[in-house]
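Have a look at upload-v2.txt; it's compact mmCIF, C-alpha atoms:
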# COMPACT_ATOMS: atom_id res chain seq x y z
CA MET A 1 101.10 104.50 145.39
CA PRO A 2 98.33 106.58 143.71
CA LEU A 3 98.68 110.34 144.07
CA ALA A 4 95.40 110.73 145.94
CA GLU A 5 96.27 108.04 148.50
CA LEU A 6 99.77 109.45 149.00
CA GLY A 7 98.36 112.91 149.57
CA ARG A 8 95.71 111.60 151.97
CA ARG A 9 98.29 109.80 154.11
CA ARG A 10 100.58 112.82 154.20
CA ALA A 11 97.71 115.05 155.23
CA LEU A 12 96.39 112.76 157.93
CA SER A 13 99.78 111.79 159.32
CA THR A 14 100.63 115.40 160.18
CA ALA A 15 97.10 116.71 160.69
CA VAL A 16 96.32 119.18 163.44
CA ALA A 17 92.88 119.29 165.03
CA VAL A 18 91.67 122.78 164.25
CA GLY A 19 88.23 122.45 165.83
CA ALA A 20 84.78 123.17 164.54
CA LEU A 21 84.13 125.78 161.88
CA LEU A 22 81.18 127.68 163.30
CA LEU A 23 79.07 127.91 160.17
CA SER A 24 76.00 129.16 162.03
CA ALA A 25 77.81 132.30 163.18
CA PRO A 26 77.71 135.47 161.06
CA ALA A 27 81.47 135.14 160.56
CA ALA A 28 82.74 131.57 160.74
CA THR A 29 85.95 130.95 162.71
CA ALA A 30 88.34 128.05 163.16
CA ALA A 31 89.33 127.59 166.80
CA GLU A 32 92.56 125.67 167.11
CA SER A 33 92.87 123.27 170.03
CA LEU A 34 96.40 122.19 169.09
CA ARG A 35 99.14 123.83 167.07
CA THR A 36 102.25 122.18 165.63
CA ASP A 37 104.05 123.88 162.78
CA THR A 38 106.90 122.52 160.69
CA GLN A 39 109.58 125.16 160.15
CA LEU A 40 110.68 124.98 156.53
CA ALA A 41 113.22 127.79 156.91
CA PRO A 42 113.70 130.77 159.23
CA GLY A 43 110.43 132.69 159.03
CA VAL A 44 108.53 130.05 157.02
CA THR A 45 106.19 127.46 158.54
CA TYR A 46 103.91 124.76 157.16
CA ARG A 47 100.94 123.08 158.77
CA SER A 48 98.36 120.53 157.68
CA PHE A 49 95.13 120.36 159.64
CA GLU A 50 91.66 118.86 159.89
CA MET A 51 88.48 120.50 161.07
CA SER A 52 84.86 119.54 161.48
CA THR A 53 82.14 121.61 159.80
CA ALA A 54 78.36 121.41 159.55
CA HIS A 55 78.79 119.90 156.08
CA GLY A 56 81.52 117.39 156.99
CA PRO A 57 85.28 117.14 157.51
CA VAL A 58 87.73 119.51 155.83
CA VAL A 59 91.46 118.91 155.35
CA GLY A 60 93.62 121.96 154.82
CA TYR A 61 97.18 123.21 154.50
CA LEU A 62 98.64 126.52 155.64
CA LEU A 63 101.92 128.20 154.74
CA THR A 64 103.00 131.24 156.75
CA ALA A 65 105.78 133.58 155.61
CA ASP A 66 107.27 136.21 157.95
CA LEU A 67 108.52 138.98 155.68
CA ARG A 68 110.35 140.64 158.56
CA VAL A 69 112.96 137.92 158.07
CA PRO A 70 115.32 139.29 155.38
CA SER A 71 115.84 135.90 153.73
CA VAL A 72 112.11 135.29 153.15
CA GLU A 73 110.58 136.32 149.82
CA LEU A 74 107.40 135.70 147.85
CA ASP A 75 107.42 135.69 144.07
CA LEU A 76 105.46 134.48 141.08
CA LEU A 77 105.83 130.92 139.87
CA HIS A 78 105.26 130.68 136.13
CA PRO A 79 106.28 128.45 133.20
CA GLY A 80 108.52 131.08 131.58
CA GLU A 81 105.83 132.19 129.12
CA VAL A 82 102.53 133.90 129.82
CA ALA A 83 100.63 131.69 127.36
CA ALA A 84 101.69 128.38 128.91
CA ARG A 85 100.88 126.08 131.82
CA ASP A 86 102.83 123.80 134.14
CA GLU A 87 102.31 121.84 137.35
CA ILE A 88 102.96 123.55 140.68
CA PRO A 89 105.68 121.18 141.96
CA ASP A 90 107.57 121.55 138.68
CA MET A 91 107.43 125.35 138.83
CA THR A 92 108.29 125.33 142.55
CA ASN A 93 111.38 123.20 142.00
CA ALA A 94 112.45 124.97 138.81
CA ARG A 95 112.57 128.27 140.71
CA GLY A 96 114.17 126.78 143.84
CA ALA A 97 111.22 127.72 146.07
CA ILE A 98 110.67 125.87 149.33
CA ALA A 99 106.90 125.89 148.88
CA GLY A 100 104.29 126.92 146.35
CA VAL A 101 100.57 127.05 145.73
CA ASN A 102 98.57 127.60 142.55
CA GLY A 103 97.69 131.14 141.56
CA ASP A 104 95.27 132.95 139.27
CA PHE A 105 92.29 131.70 137.28
CA PHE A 106 93.21 131.16 133.64
CA HIS A 107 92.01 130.71 130.07
CA ILE A 108 91.33 127.00 130.43
CA SER A 109 88.83 126.42 127.60
CA GLU A 110 87.66 128.10 124.40
CA GLU A 111 84.37 128.11 122.51
CA HIS A 112 85.40 130.16 119.46
CA GLU A 113 85.92 127.67 116.64
CA GLY A 114 89.51 127.43 115.48
CA VAL A 115 90.82 129.62 118.30
CA PRO A 116 93.02 127.77 120.84
CA ALA A 117 92.87 128.30 124.59
CA THR A 118 96.04 130.14 125.55
CA GLY A 119 96.47 128.94 129.15
CA SER A 120 97.12 132.57 130.10
CA SER A 121 96.02 133.93 133.46
CA VAL A 122 93.11 136.35 133.93
CA GLY A 123 94.67 139.08 136.06
CA PRO A 124 97.88 141.08 136.12
CA ALA A 125 101.18 139.36 136.88
CA ILE A 126 104.52 140.70 138.08
CA ALA A 127 107.54 138.45 138.63
CA ASP A 128 110.70 139.71 140.34
CA GLY A 129 109.72 143.31 139.60
CA HIS A 130 109.08 142.62 135.90
CA ASP A 131 105.63 143.33 134.41
CA LEU A 132 104.50 140.14 132.67
CA LYS A 133 100.89 140.91 131.78
CA ALA A 134 97.83 143.03 132.46
CA ALA A 135 94.22 142.09 133.24
CA VAL A 136 91.57 141.02 130.74
CA PRO A 137 88.21 142.84 130.82
CA ASP A 138 85.91 141.67 133.63
CA GLY A 139 83.49 140.01 131.22
CA GLN A 140 86.28 137.91 129.68
CA ARG A 141 87.39 136.23 132.91
CA PHE A 142 87.10 132.63 134.10
CA GLY A 143 86.11 131.76 137.67
CA PRO A 144 83.30 132.51 140.15
CA ALA A 145 81.37 135.77 139.93
CA LEU A 146 83.31 138.81 141.11
CA PRO A 147 82.15 140.34 144.41
CA ALA A 148 80.75 143.86 144.13
CA GLY A 149 83.44 146.51 143.97
CA THR A 150 86.16 144.18 142.69
CA SER A 151 87.67 143.63 139.24
CA THR A 152 90.16 141.58 137.28
CA GLU A 153 92.80 144.22 138.12
CA ASP A 154 92.87 143.13 141.79
CA VAL A 155 96.01 141.32 142.94
CA PHE A 156 97.77 139.78 145.89
CA GLY A 157 101.37 140.94 145.97
CA VAL A 158 104.41 142.21 147.80
CA GLY A 159 105.65 145.78 147.47
CA VAL A 160 109.17 147.07 147.12
CA ASP A 161 108.77 147.88 150.83
CA ARG A 162 108.54 144.09 151.51
CA ARG A 163 104.98 144.38 152.77
CA ALA A 164 102.36 141.99 151.42
CA ARG A 165 99.05 143.49 150.38
CA VAL A 166 95.85 143.11 148.41
CA SER A 167 96.03 145.80 145.78
CA SER A 168 95.09 146.49 142.16
CA LEU A 169 97.18 147.10 139.07
CA GLU A 170 96.21 149.38 136.23
CA LEU A 171 97.98 149.37 132.88
CA ASP A 172 99.43 152.69 131.77
CA GLY A 173 100.44 152.51 128.13
CA MET A 174 101.04 154.77 125.16
CA LEU A 175 102.03 154.38 121.52
CA ARG A 176 103.77 157.33 119.81
CA SER A 177 104.67 157.68 116.15
CA GLY A 178 105.19 160.76 113.97
CA GLY A 179 103.42 163.11 116.33
CA ARG A 180 100.44 160.76 116.75
CA THR A 181 99.59 159.01 120.01
CA ALA A 182 97.29 156.13 120.90
CA GLU A 183 96.47 154.51 124.20
CA ILE A 184 97.72 150.99 124.90
CA SER A 185 95.06 148.97 126.73
CA GLY A 186 96.57 145.49 126.85
CA LEU A 187 99.81 143.69 127.71
CA ASN A 188 100.28 139.98 126.98
CA GLN A 189 96.63 139.17 127.72
CA TYR A 190 94.33 136.67 126.04
CA ALA A 191 91.51 139.22 125.59
CA LEU A 192 91.66 142.91 124.67
CA PRO A 193 89.03 145.54 125.43
CA VAL A 194 86.76 146.53 122.55
CA ASP A 195 88.50 149.29 120.50
CA GLY A 196 91.77 148.44 122.25
CA ILE A 197 95.41 148.00 121.29
CA GLY A 198 97.49 145.29 122.97
CA VAL A 199 101.24 144.80 123.23
CA TYR A 200 102.73 141.31 122.98
CA ASN A 201 106.42 140.66 123.60
CA ALA A 202 108.80 137.75 124.22
CA ASP A 203 107.06 137.02 127.55
CA TRP A 204 103.89 135.95 125.73
CA GLY A 205 105.31 132.85 124.02
CA GLU A 206 104.45 131.27 120.67
CA VAL A 207 100.70 130.69 121.12
CA SER A 208 98.38 132.37 118.60
CA ARG A 209 97.23 135.88 119.44
CA ALA A 210 93.88 135.32 117.68
CA ARG A 211 91.93 135.04 120.95
CA ALA A 212 92.81 138.64 121.83
CA VAL A 213 90.12 140.00 119.48
CA CYS A 214 87.29 137.60 120.43
CA GLY A 215 84.41 138.32 122.78
CA THR A 216 83.54 141.70 124.24
CA ASP A 217 84.13 143.50 127.52
CA ASP A 218 80.88 141.97 128.84
CA ASP A 219 80.66 138.62 127.06
CA ARG A 220 83.60 136.33 126.41
CA SER A 221 81.48 134.14 124.08
CA ALA A 222 80.59 137.00 121.70
CA PRO A 223 81.94 136.60 118.14
CA CYS A 224 85.49 137.54 117.25
CA SER A 225 85.94 141.02 115.81
CA GLU A 226 86.05 141.43 112.05
CA GLN A 227 88.04 144.67 112.25
CA THR A 228 91.57 143.78 113.37
CA GLU A 229 95.16 144.71 112.62
CA GLU A 230 98.57 143.41 113.70
CA VAL A 231 101.80 145.39 113.44
CA VAL A 232 105.33 144.14 114.16
CA VAL A 233 107.80 146.65 115.63
CA ARG A 234 111.47 145.64 115.78
CA ASP A 235 113.98 147.90 117.53
CA GLY A 236 111.48 150.75 117.36
CA VAL A 237 110.71 150.46 113.63
CA VAL A 238 107.61 148.98 111.96
CA THR A 239 108.74 145.94 109.96
CA ALA A 240 105.46 144.24 109.02
CA ALA A 241 101.68 144.54 109.18
CA GLN A 242 98.73 142.25 108.50
CA ASP A 243 95.00 142.32 109.07
CA ARG A 244 94.73 139.28 111.37
CA PRO A 245 96.61 138.36 114.58
CA GLY A 246 99.37 135.82 114.08
CA ALA A 247 101.34 133.28 116.11
CA GLY A 248 104.93 132.25 116.83
CA ASP A 249 107.77 133.31 119.08
CA ILE A 250 108.39 137.03 119.48
CA PRO A 251 112.14 137.78 119.58
CA THR A 252 113.68 139.98 122.24
CA GLY A 253 113.63 143.57 121.03
CA THR A 254 110.42 143.02 119.08
CA VAL A 255 106.85 143.87 120.06
CA VAL A 256 103.68 142.88 118.26
CA LEU A 257 100.77 145.32 118.38
CA VAL A 258 97.27 143.87 118.02
CA GLY A 259 94.27 146.14 117.59
CA ARG A 260 90.53 145.64 117.31
CA GLU A 261 87.84 148.06 116.06
CA GLY A 262 89.03 151.59 116.92
CA GLY A 263 92.43 150.24 117.96
CA ALA A 264 92.79 148.50 114.59
CA ALA A 265 92.00 151.77 112.83
CA GLU A 266 94.83 153.46 114.74
CA LEU A 267 97.31 150.72 113.82
CA GLU A 268 96.32 150.90 110.16
CA LYS A 269 97.81 154.41 110.11
CA LEU A 270 101.29 152.93 110.65
CA GLU A 271 103.44 152.01 107.67
CA VAL A 272 106.53 149.84 107.31
CA GLY A 273 109.55 151.98 108.20
CA ASP A 274 107.72 154.23 110.65
CA ARG A 275 109.46 154.80 113.96
CA VAL A 276 107.33 153.84 116.95
CA VAL A 277 107.73 154.24 120.71
CA VAL A 278 105.72 151.80 122.86
CA GLU A 279 105.53 152.28 126.63
CA THR A 280 103.68 150.12 129.17
CA HIS A 281 103.71 150.02 132.95
CA LEU A 282 101.57 148.36 135.62
CA SER A 283 100.91 150.84 138.41
CA ALA A 284 99.33 150.46 141.86
CA ALA A 285 97.94 153.42 143.80
CA ASP A 286 99.48 152.13 147.05
CA GLY A 287 103.04 151.86 145.73
CA PRO A 288 105.09 149.70 143.34
CA LEU A 289 104.96 145.91 143.60
CA ASP A 290 107.82 143.46 143.14
CA PHE A 291 105.43 140.52 142.82
CA ALA A 292 101.74 140.23 141.97
CA VAL A 293 99.21 137.55 141.06
CA GLY A 294 95.55 137.90 140.16
CA GLY A 295 92.45 136.57 141.88
CA PHE A 296 89.58 138.34 143.62
CA PRO A 297 89.34 139.90 147.10
CA ILE A 298 87.28 138.09 149.73
CA LEU A 299 88.54 139.74 152.94
CA ARG A 300 89.04 143.45 153.51
CA ASP A 301 89.92 145.26 156.75
CA GLY A 302 89.18 142.13 158.75
CA ARG A 303 85.74 141.51 157.28
CA PRO A 304 84.55 139.17 154.51
CA LEU A 305 83.27 141.09 151.50
CA PRO A 306 79.46 141.29 151.27
CA GLY A 307 77.73 138.79 149.02
CA LEU A 308 80.37 136.06 148.96
CA ASP A 309 79.00 132.69 147.88
CA THR A 310 77.98 130.48 150.80
CA GLY A 311 76.63 127.49 148.90
CA GLU A 312 79.15 125.85 146.59
CA LEU A 313 81.68 123.63 148.37
CA ALA A 314 84.96 123.10 146.52
CA PRO A 315 88.71 122.83 146.94
CA ARG A 316 90.03 126.35 147.57
CA THR A 317 93.29 128.24 147.39
CA ALA A 318 93.62 131.67 149.00
CA ALA A 319 96.21 134.21 150.13
CA GLY A 320 96.00 136.47 153.16
CA VAL A 321 97.88 139.37 154.69
CA SER A 322 98.34 140.49 158.30
CA ALA A 323 97.42 144.01 159.41
CA ASP A 324 101.01 145.27 159.12
CA GLY A 325 101.69 143.44 155.83
CA ARG A 326 104.63 141.61 157.37
CA THR A 327 103.01 138.17 157.40
CA ALA A 328 101.58 136.37 154.39
CA TYR A 329 99.31 133.31 154.57
CA LEU A 330 98.84 130.80 151.75
CA LEU A 331 95.90 128.46 152.31
CA VAL A 332 94.75 125.36 150.41
CA VAL A 333 91.85 123.10 151.34
CA ASP A 334 90.89 119.80 149.74
CA GLY A 335 87.36 119.14 148.57
CA ARG A 336 84.88 117.05 146.62
CA SER A 337 85.59 113.88 148.58
CA ALA A 338 84.37 112.01 151.67
CA ALA A 339 87.64 112.89 153.42
CA SER A 340 87.25 116.63 152.76
CA THR A 341 84.10 118.38 151.58
CA GLY A 342 85.76 121.65 150.69
CA LEU A 343 84.62 125.15 151.67
CA SER A 344 82.47 127.92 150.25
CA VAL A 345 84.09 131.21 149.28
CA ARG A 346 82.65 132.84 152.41
CA GLU A 347 84.03 130.08 154.63
CA THR A 348 87.43 130.49 152.99
CA ALA A 349 87.41 134.16 153.93
CA ASP A 350 86.46 133.31 157.52
CA LEU A 351 89.18 130.69 157.77
CA LEU A 352 91.83 133.11 156.46
CA ARG A 353 90.71 135.62 159.07
CA SER A 354 90.94 133.02 161.85
CA PHE A 355 94.63 132.54 161.06
CA GLY A 356 95.35 136.27 161.39
CA ALA A 357 94.69 137.73 157.94
CA VAL A 358 92.88 141.07 157.65
CA ASP A 359 92.91 141.19 153.84
CA GLY A 360 92.65 138.20 151.56
CA MET A 361 92.32 136.98 147.97
CA ASN A 362 90.60 133.94 146.55
CA LEU A 363 92.84 132.25 144.00
CA ASP A 364 91.92 129.52 141.52
CA GLY A 365 90.35 126.45 143.14
CA GLY A 366 88.75 123.16 142.18
CA GLY A 367 91.10 120.86 140.32
CA SER A 368 93.73 123.62 140.26
CA SER A 369 94.18 123.75 144.05
CA THR A 370 97.68 122.45 144.80
CA VAL A 371 100.28 122.91 147.51
CA ALA A 372 103.88 121.68 147.17
CA VAL A 373 106.37 121.76 150.05
CA ARG A 374 110.08 120.97 150.49
CA GLU A 375 110.85 120.19 154.10
CA PRO A 376 114.37 120.40 155.60
CA GLY A 377 116.52 117.55 154.34
CA GLN A 378 114.43 117.02 151.21
CA ASP A 379 115.79 117.71 147.74
CA LEU A 380 112.50 118.55 146.06
CA ALA A 381 109.13 120.02 146.91
CA THR A 382 106.34 117.45 146.69
CA VAL A 383 102.55 117.67 146.54
CA ARG A 384 100.90 117.57 149.97
CA ASN A 385 97.22 117.89 149.18
CA VAL A 386 94.85 115.63 147.25
CA PRO A 387 94.02 117.25 143.88
CA SER A 388 90.32 116.75 143.22
CA ASP A 389 90.88 115.69 139.60
CA GLY A 390 92.94 112.73 140.82
CA VAL A 391 95.92 114.08 138.88
CA LEU A 392 97.85 117.35 138.95
CA ARG A 393 96.43 120.09 136.75
CA PRO A 394 98.89 122.29 134.84
CA VAL A 395 98.14 125.90 135.76
CA ALA A 396 99.12 129.35 134.51
CA ASN A 397 101.03 130.51 137.58
CA GLY A 398 101.45 130.22 141.33
CA VAL A 399 102.81 131.83 144.46
CA GLY A 400 106.21 130.65 145.64
CA ILE A 401 107.88 131.12 149.02
CA PHE A 402 111.66 131.44 148.90
CA SER A 403 114.42 131.41 151.48
CA ARG A 404 117.32 133.23 149.80

Turn this file's structure into structure tokens for me.
Amino acid sequence: MPLAELGRRRALSTAVAVGALLLSAPAATAAESLRTDTQLAPGVTYRSFEMSTAHGPVVGYLLTADLRVPSVELDLLHPGEVAARDEIPDMTNARGAIAGVNGDFFHISEEHEGVPATGSSVGPAIADGHDLKAAVPDGQRFGPALPAGTSTEDVFGVGVDRRARVSSLELDGMLRSGGRTAEISGLNQYALPVDGIGVYNADWGEVSRARAVCGTDDDRSAPCSEQTEEVVVRDGVVTAAQDRPGAGDIPTGTVVLVGREGGAAELEKLEVGDRVVVETHLSAADGPLDFAVGGFPILRDGRPLPGLDTGELAPRTAAGVSADGRTAYLLVVDGRSAASTGLSVRETADLLRSFGAVDGMNLDGGGSSTVAVREPGQDLATVRNVPSDGVLRPVANGVGIFSR
């Protein structure tokens, strides 16, 4: 049976009538007339639903995770390397999650000749307390326009206090060698700030680091920098240097430093044999996070952010948080079909709020929107929605729900 037809039957066979989305109201709501949840594990529920809107029917899927239950956890799904992509059900099953949705926007295409797309995500990422990557400059991102007051550093995550939240992660980094210091402004990201120095380690993968020096902070299509330097540091000692970024696996215990413009000039001061200390840390003002994924905020303190797009209808994926941070909501809606028109970004924020979220993030949508679920008695998580491309799209990362 074709994937789209299988997904459509699954959705409609378990659909819940959610009622009309009141698009004419200042803040749209979804009023449920019937509620039937499938319990996937203690504290974790799944629901598929249908609703009528002014622009047609919408089919959606909601996962709810109660973080007050000790066995329930959220964590990042990823392919094992930052510069890589995989399908959501594969990542969900590889990690043993009971459900998963797609995550951040990512470097899906490239217009600089000879420079490959890395598949790396836009925003910061933390998996199981481990910093994987930092955010690219705002002008280097992929995805819809950022709402005012937001940036690529914004994340949805869970703190060490087991409370979910919408937060932001800033990279703190420093390079020290022979009494000299230089700021580190990148960690395993496909684009570095102008004049910046980036750190790449084993988490990055084998993909070329050439894209890191292309574009500018405001324009990702701007030419690649002509002033670049790459330095290899193994066990704290400089072992090699070259004037262009390279490619290939980075062994454990080795870091590769890539600089552009002013950052390249700093790296050119290093010589083979120099001892170097490299420190990086992702920090959030509201406390440390065990898990984080990028996106952009659409709901804050119970209100949609001003200026959210109300026109473009598309498949959407979003994550929401209750007022106390103890409940997390993962939402996917189908789109671009007669069976489901999709939602605007503003409608997505309103729908998240109707389920109980006070803060929320828009994640990657369109052909990336995917939800995979493993119900009790099943061996594997399977796709429940209807991907708008007609096939599953490999993505950079996702959000997994676990029952430990």

Query raised in the report: Between CA of Glu230 in chain A and CA of Ala292 in chain A, what is the distance, to one decimal in Å?
Result: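 According to the coordinates, CA of Glu230 in chain A and CA of Ala292 in chain A are separated by 28.6 Å.
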
**Report entry** Neighbour list for range 244-246 of chain A as a PyMOL selection string, cut-off 6 Å, all atoms listed in the file, skip fewer than 2 positions in-chain
**Finding:** chain A and resi 208-210+228-230+242

Can I get the selected residues back with C-alpha atoms, as a compact mmCIF listing (two decimals), keeping the file's coordinate frame?
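Result saved to result.txt:
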# COMPACT_ATOMS: atom_id res chain seq x y z
CA SER A 208 98.38 132.37 118.60
CA ARG A 209 97.23 135.88 119.44
CA ALA A 210 93.88 135.32 117.68
CA THR A 228 91.57 143.78 113.37
CA GLU A 229 95.16 144.71 112.62
CA GLU A 230 98.57 143.41 113.70
CA GLN A 242 98.73 142.25 108.50

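Of the residues under consideration (A:Gly273, A:Gly157, A:Gly320, A:Pro137), A:Gly320 shows the shortest atom-to-atom contact distance to Arg353 in chain A when counting only C-alpha atoms.
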
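Relative to CA of Ile298 in chain A, CA of Pro42 in chain A is found at 29.0 Å.
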
Report summary line: From CA of Gly390 in chain A to CA of Gly377 in chain A the spacing works out at 27.6 Å

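Proximity to Thr252 in chain A at 7 Å, evaluated using all atoms listed in the file and with sequence-adjacent residues fewer than 2 positions away removed, yields Ala202, Ile250 and Thr254 of chain A.
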
Requested in this report: Using all atoms listed in the file, find the one residue out of A:Arg176, A:Ala381, A:Arg220, A:Asn102 that sits nearest to Lys269 in chain A.
Outcome: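 Looking at the shortest contact to Lys269 in chain A, the residue is A:Arg176.
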
Report task. Go through A:Val399, A:Ala357, A:Val199, A:Cys214 one by one, measure the shortest atom-to-atom distance of each to Arg165 in chain A using only C-alpha atoms, and give the residue with the smallest value. Result ->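 Result for the nearest residue to Arg165 in chain A: A:Ala357.
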
Do a neighbour search on range 62-78 of chain A at 9 Å with only C-alpha atoms, toss out local chain neighbours closer than 2 positions, and write the hits as an mmCIF file with C-alpha atoms, in the coordinates of the input.
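Result file is part35.cif:
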data_model
loop_
_atom_site.group_PDB
_atom_site.id
_atom_site.type_symbol
_atom_site.label_atom_id
_atom_site.label_comp_id
_atom_site.auth_asym_id
_atom_site.auth_seq_id
_atom_site.Cartn_x
_atom_site.Cartn_y
_atom_site.Cartn_z
ATOM 1 C CA ALA A 41 113.220 127.790 156.910
ATOM 2 C CA PRO A 42 113.700 130.770 159.230
ATOM 3 C CA GLY A 43 110.430 132.690 159.030
ATOM 4 C CA VAL A 44 108.530 130.050 157.020
ATOM 5 C CA THR A 45 106.190 127.460 158.540
ATOM 6 C CA TYR A 46 103.910 124.760 157.160
ATOM 7 C CA ARG A 47 100.940 123.080 158.770
ATOM 8 C CA SER A 48 98.360 120.530 157.680
ATOM 9 C CA PHE A 49 95.130 120.360 159.640
ATOM 10 C CA GLY A 60 93.620 121.960 154.820
ATOM 11 C CA GLY A 80 108.520 131.080 131.580
ATOM 12 C CA GLU A 81 105.830 132.190 129.120
ATOM 13 C CA VAL A 82 102.530 133.900 129.820
ATOM 14 C CA ALA A 84 101.690 128.380 128.910
ATOM 15 C CA ARG A 85 100.880 126.080 131.820
ATOM 16 C CA ASP A 86 102.830 123.800 134.140
ATOM 17 C CA ILE A 88 102.960 123.550 140.680
ATOM 18 C CA MET A 91 107.430 125.350 138.830
ATOM 19 C CA THR A 92 108.290 125.330 142.550
ATOM 20 C CA ALA A 94 112.450 124.970 138.810
ATOM 21 C CA ARG A 95 112.570 128.270 140.710
ATOM 22 C CA ALA A 97 111.220 127.720 146.070
ATOM 23 C CA ALA A 99 106.900 125.890 148.880
ATOM 24 C CA GLY A 100 104.290 126.920 146.350
ATOM 25 C CA VAL A 101 100.570 127.050 145.730
ATOM 26 C CA ASN A 102 98.570 127.600 142.550
ATOM 27 C CA GLY A 103 97.690 131.140 141.560
ATOM 28 C CA ALA A 125 101.180 139.360 136.880
ATOM 29 C CA ILE A 126 104.520 140.700 138.080
ATOM 30 C CA ALA A 127 107.540 138.450 138.630
ATOM 31 C CA ASP A 128 110.700 139.710 140.340
ATOM 32 C CA GLY A 157 101.370 140.940 145.970
ATOM 33 C CA VAL A 158 104.410 142.210 147.800
ATOM 34 C CA ARG A 162 108.540 144.090 151.510
ATOM 35 C CA ARG A 163 104.980 144.380 152.770
ATOM 36 C CA ALA A 164 102.360 141.990 151.420
ATOM 37 C CA ASP A 290 107.820 143.460 143.140
ATOM 38 C CA PHE A 291 105.430 140.520 142.820
ATOM 39 C CA ALA A 292 101.740 140.230 141.970
ATOM 40 C CA VAL A 293 99.210 137.550 141.060
ATOM 41 C CA GLY A 325 101.690 143.440 155.830
ATOM 42 C CA ARG A 326 104.630 141.610 157.370
ATOM 43 C CA THR A 327 103.010 138.170 157.400
ATOM 44 C CA ALA A 328 101.580 136.370 154.390
ATOM 45 C CA TYR A 329 99.310 133.310 154.570
ATOM 46 C CA LEU A 330 98.840 130.800 151.750
ATOM 47 C CA LEU A 331 95.900 128.460 152.310
ATOM 48 C CA VAL A 332 94.750 125.360 150.410
ATOM 49 C CA VAL A 333 91.850 123.100 151.340
ATOM 50 C CA VAL A 395 98.140 125.900 135.760
ATOM 51 C CA ALA A 396 99.120 129.350 134.510
ATOM 52 C CA ASN A 397 101.030 130.510 137.580
ATOM 53 C CA GLY A 398 101.450 130.220 141.330
ATOM 54 C CA VAL A 399 102.810 131.830 144.460
ATOM 55 C CA GLY A 400 106.210 130.650 145.640
ATOM 56 C CA ILE A 401 107.880 131.120 149.020
ATOM 57 C CA PHE A 402 111.660 131.440 148.900
ATOM 58 C CA SER A 403 114.420 131.410 151.480
ATOM 59 C CA ARG A 404 117.320 133.230 149.800
#

**Report entry** For Thr341 in chain A: contacts at 9 Å, only C-alpha atoms, fewer than 2 positions along chain excluded, given as a PyMOL selection string
**Finding:** chain A and resi 55-59+313-315+334-339+343

Query raised in the report: Which residues, protein or nucleic acid, reach to within 9 Å of (87.9, 122.0, 140.6) in the file's coordinates when using only C-alpha atoms, and can you give that as a list of chain:residue names?
Result: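 Protein, DNA and RNA residues close to (87.9, 122.0, 140.6): A:Ala314, A:Pro315, A:Arg316, A:Gly335, A:Arg336, A:Asp364, A:Gly365, A:Gly366, A:Gly367, A:Ser368, A:Ser369, A:Pro387, A:Ser388, A:Asp389.
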
Would you export the selected residues with C-alpha atoms as a short mmCIF file (atom, residue, chain, number, x, y, z; two decimals), in the coordinates of the input, please?
data_model
loop_
_atom_site.label_atom_id
_atom_site.label_comp_id
_atom_site.auth_asym_id
_atom_site.auth_seq_id
_atom_site.Cartn_x
_atom_site.Cartn_y
_atom_site.Cartn_z
CA ALA A 314 84.96 123.10 146.52
CA PRO A 315 88.71 122.83 146.94
CA ARG A 316 90.03 126.35 147.57
CA GLY A 335 87.36 119.14 148.57
CA ARG A 336 84.88 117.05 146.62
CA ASP A 364 91.92 129.52 141.52
CA GLY A 365 90.35 126.45 143.14
CA GLY A 366 88.75 123.16 142.18
CA GLY A 367 91.10 120.86 140.32
CA SER A 368 93.73 123.62 140.26
CA SER A 369 94.18 123.75 144.05
CA PRO A 387 94.02 117.25 143.88
CA SER A 388 90.32 116.75 143.22
CA ASP A 389 90.88 115.69 139.60
#
